[in-house]
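*Asks:* Handing you this structure, nothing more for now.
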Amino acid sequence: MLRKNRLFTPGPTPILPAAQTAMASASMHHRTAEFRALFTRVLADMKEFIGTNNDVLVLVSSGTGVMEGAVSNLTSPGDKVLVLTAGNFGERWRDLAKAFGCEVEIVSAPYGETFTLSDIEQKVTPDVRAVYMQATESSTGARHDVKSIARLVREAGHDTLLVVDAITGLGTTHFDVDGWGIDVISGGSQKALMIPPGLAYCAVSERAWKRMETAQSPRYYFDFRRERKAAAKGESAYTPATSLFAALAAALDFIRQMGDGNLANGRSALVDNAELAAEMTRAGAQALGLKLFAPSAPAAALTAIESPAGIDSGTIIKQFRETFAAVVANGQGEMKGQLFRIAHLGYYDYLDTVGILAALEHVIASVTGRAVEYGAAVRAAQQVYAKSSKRAAAVRG
């Protein structure tokens with residue numbers, strides 16, 4: 001059969017066609033009125049997409065660049081910080097903080113699990129300058145309770161900043177950034193925003209801007225204050241990726257259309273779409289007798305599924321690619337070979353979800369050599385979708 005290459009990875013994700021067109025036609029210089037108008041509009045729309053009144057920066061980098069900036073701009077060498085880690089990307093916070101000379105305290109949870117609030121509470125002492133965490137740990141498919149952790153940090157009553165890596169969380173999880181008191185929240189272009197890698201963004205609270213006045217860690221390219229000053233003039237401090245900004249504008253317009261002209265409503269619809277696709281995928285995987293890797297705190301951005309006993313998940317990845325030209329993700333770090341990850345963030349829909357589950361039935365039959373009830377995963381997903389449709393109809397009517 002004809003095979004279409006399809007990404008089911010938690011980044012990069014499928015590109016929105018309108019964004020591809022916008023990139024192809026973008027030919028403006030970045031120090032012109034034309035680009036300043038685009039740049040200013042994108043920054044304003046990004047506030048609505050994130051759901052904040054705080055200033056937003058959009059930088060040319062991967063998401064890790066903004067993570068680094070959230071350490072270098074907010075800390076001084078020797079500062080005590082608390083890192084919450086339950087996977088590969090939490091460990092990245094740990095390594096970044098150490099690289100800038102911070103004294104790093106750790107609250108950890110096993111891969112696939114989330115944190116105990118009492119353990120965090122004991123660690124949020126007056127000398128902790130910042131707490132760094134993930135919203136979604138995309139290496140394991142687990143989602144953390146940002147709201148409860150934010151409340152804990154704020155109720156501690158200290159001058160502690162909360163920094164949330166929501167690179168796969170934004171567009172897949174509902175946040176109240178300002179209401180919860182998140183000081184820095186970051187994202188990446190190649191996730192729920194449906195454009196290629198290359199842009200990273202963050203919303204920064206006034207508390208965090210004030211901290212930057214005294215923070216002594218070195219920074220140059222990722223100098224948030226320099227970027228803020230340039231953004232006030234409708235520019236970036238350094239050369240922006242003009243074609244990616246055009247794509248981002250198109251993606252934000254698409255999300256606005258999802259909300260019938262309201263970007264905040266479109267953001268909610270995008271999150272609900274991911275939640276439904278994830279619920280369908282979890283039901284489908286379990287119908288095949290597969291185990292979820294993060295069953296107690298599952299993310300909407302992706303679903304992590306344990307490989308069947310005795311099967312290296314790399315074999316499953318290979319079978320998806322060779323049979324269906326579908327790219328799913330292996331586990332990361334110590335989980336490589338033990339699980340595979342199917343994404344739902346961004347430009348995925350009902351048919352994508354049903355299609356990957358139908359493919360999963362064939363892949364599991366092939367790699368295990370056991371009989372599979374074809375249609376079992378799809379049927380389970382269909383039942384989830386039908387219930388969701390009934391609930392939505394009841395709300396409308």
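Letters for chains follow the order of the structure tokens (A, B, ...), residue numbers begin at 1 for each chain, and ligand numbers begin at 1 in the order shown.
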I'd like a table as a tab-separated table: residues in region 253-336 of chain A with an atom no more than 9 Å from region 86-109 of chain A, each row giving the shortest atom pair and its distance in Å to one decimal, only C-alpha atoms counted, sorted by chain and rising residue number.
*Replies:*
```
residue	atom	partner	partner_atom	distance
A:Gln332	CA	A:Asn88	CA	6.9
A:Gly333	CA	A:Asn88	CA	6.7
A:Glu334	CA	A:Asn88	CA	8.8
```
*Asks:* Include N, CA and C atoms and write out the residues we just selected as a tab-separated table (two decimals), in the first residue's frame.
*Replies:*
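After the write, again.tsv holds the following:
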```
chain	number	residue	atom	x	y	z
A	332	GLN	N	13.41	7.27	26.76
A	332	GLN	CA	14.64	8.03	26.85
A	332	GLN	C	15.44	7.60	28.07
A	333	GLY	N	16.77	7.78	27.97
A	333	GLY	CA	17.63	7.45	29.09
A	333	GLY	C	17.49	6.00	29.50
A	334	GLU	N	17.28	5.79	30.79
A	334	GLU	CA	17.20	4.41	31.30
A	334	GLU	C	15.96	3.67	30.85
```
*Asks:* Do you know which residues are at most 7 Å from Trp180 (chain A) counting only C-alpha atoms, after dropping those on the same chain fewer than 2 positions away, and could you put them as a ChimeraX atom specification?
*Replies:* /A:147,150-151,176-178,182
*Asks:* From the options A:Ala231, A:Ala142, A:Glu206, A:Ala343, which residue's atoms come nearest to Gly11 (chain A), counting only C-alpha atoms?
*Replies:*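 Result for the nearest residue to Gly11 (chain A): A:Ala343.
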*Asks:* Would you return as a PyMOL selection string the members of region 101-341 of chain A that DSSP assigns to strand (DSSP E) on this structure's backbone?
*Replies:* chain A and resi 103-108+128-134+136-137+142-143+161-165+184-188+199-204+302-306+326-327+329-330+339-341
*Asks:* List the neighbours of Val354 (chain A) out to 12 Å using only C-alpha atoms; skip same-chain residues closer than 3 positions along the sequence, and give me the result as JSON, numbers by chain.
*Replies:* {"A": [276, 277, 278, 279, 280, 281, 282, 283, 284, 285, 344, 348, 349, 350, 351, 357, 358, 359, 360, 361, 375, 376, 377, 378, 379, 380, 381, 382, 383, 384, 385]}
*Asks:* Using only C-alpha atoms, find the one residue out of A:Thr52, A:Tyr374, A:Ala299, A:Asn273 that sits nearest to Gln134 (chain A).
*Replies:* A:Ala299
*Asks:* With distances taken over only C-alpha atoms, which of A:Phe115, A:Phe324, A:Tyr238, A:Trp209 is nearest to Leu2 (chain A)?
*Replies:*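 For Leu2 (chain A), the nearest of the given residues is A:Phe324.
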